[in-house]
>>> print(open('work-v9.txt').read())   # compact mmCIF, C-alpha atoms
# COMPACT_ATOMS: atom_id res chain seq x y z
CA LEU A 188 0.02 2.52 1.21
CA PRO A 189 3.55 1.96 2.47
CA TRP A 190 4.98 -1.42 3.37
CA ARG A 191 7.01 -2.13 6.48
CA SER A 192 9.31 -5.17 6.65
CA VAL A 193 11.55 -6.94 9.09
CA VAL A 194 14.02 -9.78 8.66
CA THR A 195 15.02 -11.82 11.70
CA GLY A 196 18.46 -13.34 11.54
CA ASP A 197 18.84 -14.53 7.99
CA ARG A 198 15.74 -16.70 7.83
CA TRP A 199 12.33 -15.05 8.25
CA LYS A 200 11.00 -11.98 6.43
CA LEU A 201 7.69 -10.32 7.31
CA ASN A 202 6.10 -7.67 5.06
CA LEU A 203 3.10 -5.73 6.39
CA CYS A 204 0.83 -3.31 4.56
CA ALA A 205 -2.58 -2.07 5.68
CA GLY A 206 -3.85 -1.95 2.11
CA ASP A 207 -2.53 -5.22 0.72
CA GLN A 208 -1.98 -8.86 1.66
CA SER A 209 0.76 -9.27 4.26
CA GLU A 210 3.58 -11.74 3.63
CA LEU A 211 5.85 -14.08 5.57
CA PHE A 212 8.70 -15.88 3.85
CA ASP A 213 11.23 -18.48 5.00
CA LEU A 214 14.32 -17.20 3.21
CA ASN A 215 16.25 -20.42 3.92
CA SER A 216 13.89 -22.69 2.03
CA ASP A 217 12.37 -20.03 -0.26
CA PRO A 218 15.04 -17.43 -1.13
CA ASN A 219 12.99 -16.19 -4.12
CA GLU A 220 9.99 -15.46 -1.86
CA LEU A 221 7.50 -17.53 -3.83
CA THR A 222 5.55 -19.16 -0.97
CA ASN A 223 3.68 -16.79 1.34
CA LEU A 224 3.34 -18.42 4.78
CA PHE A 225 1.40 -15.55 6.38
CA SER A 226 -1.90 -17.47 6.52
CA ASP A 227 -0.33 -20.64 7.94
CA PRO A 228 -1.54 -20.98 11.58
CA ALA A 229 1.78 -22.60 12.53
CA HIS A 230 3.47 -19.20 12.13
CA GLN A 231 1.05 -16.95 14.04
CA ASP A 232 3.32 -16.53 17.08
CA ARG A 233 6.29 -15.73 14.83
CA ILE A 234 4.21 -13.15 12.93
CA ARG A 235 3.08 -11.47 16.16
CA MET A 236 6.66 -11.30 17.45
CA MET A 237 7.98 -9.87 14.19
CA ALA A 238 5.10 -7.38 13.90
CA ALA A 239 5.92 -6.20 17.43
CA LYS A 240 9.48 -5.45 16.26
CA ILE A 241 8.10 -3.34 13.42
CA ARG A 242 5.76 -1.48 15.80
CA LEU A 243 8.63 -0.82 18.22
CA TRP A 244 10.72 0.57 15.36
CA GLN A 245 7.78 2.75 14.33
CA HIS A 246 7.49 4.09 17.87
CA GLU A 247 11.22 4.79 18.12
CA THR A 248 11.38 6.58 14.76
CA GLY A 249 8.02 8.37 14.78
CA ASP A 250 6.81 6.38 11.77
CA ASP A 251 3.03 6.55 11.56
CA ALA A 252 2.33 4.27 8.60
CA PRO A 253 -0.81 2.23 9.29
CA LEU A 254 -0.33 -1.49 9.76
CA PRO A 255 -2.85 -4.33 9.78
CA ALA A 256 -3.72 -6.05 13.01
CA VAL A 257 -1.99 -9.40 13.40
>>> encode(input="work-v9.txt", output="structure tokens")
Amino acid sequence: LPWRSVVTGDRWKLNLCAGDQSELFDLNSDPNELTNLFSDPAHQDRIRMMAAKIRLWQHETGDDAPLPAV
């Protein structure tokens, strides 16, 4: 299944895929994307906000790739 990603500013990167584990990375402290923060409860609001940006882009472009609920 396809992945959809968004980077906010130059710090946070969210990768979503309906068929795989989603990912959140802090590019400032982890530029090599080694520590997945997606399951960290402290980032749930950030994940929801970033996922909403992906869904808005999907709506605007007609992209129909399935995404996991966040």
>>> closest_residue(input="work-v9.txt", among="A:Arg235, A:Val194, A:Pro255, A:Trp244", to="A:Gly206", atoms="all atoms listed in the file")
A:Pro255
>>> closest_residue(input="work-v9.txt", among="A:Leu221, A:Ala205, A:Ala229, A:Val257", to="A:Arg191", atoms="all atoms listed in the file")
A:Ala205
>>> atom_distance(input="work-v9.txt", atom1="atom CA of A:Arg233", atom2="atom CA of A:Gln208")
17.0 Å
>>> closest_residue(input="work-v9.txt", among="A:Lys240, A:Gln245, A:Ala256, A:Ile234", to="A:Leu201", atoms="only C-alpha atoms")
A:Ile234
>>> atom_distance(input="work-v9.txt", atom1="atom CA of A:Ala239", atom2="atom CA of A:Leu188")
19.3 Å
>>> closest_residue(input="work-v9.txt", among="A:Asn223, A:Ala238, A:Asp250, A:Pro228", to="A:Val193", atoms="only C-alpha atoms")
A:Ala238
>>> residues_around(input="work-v9.txt", residues="A:Glu210", least_positions_apart="6", cutoff="10 Å", atoms="all atoms listed in the file", output="count of residues only")
13
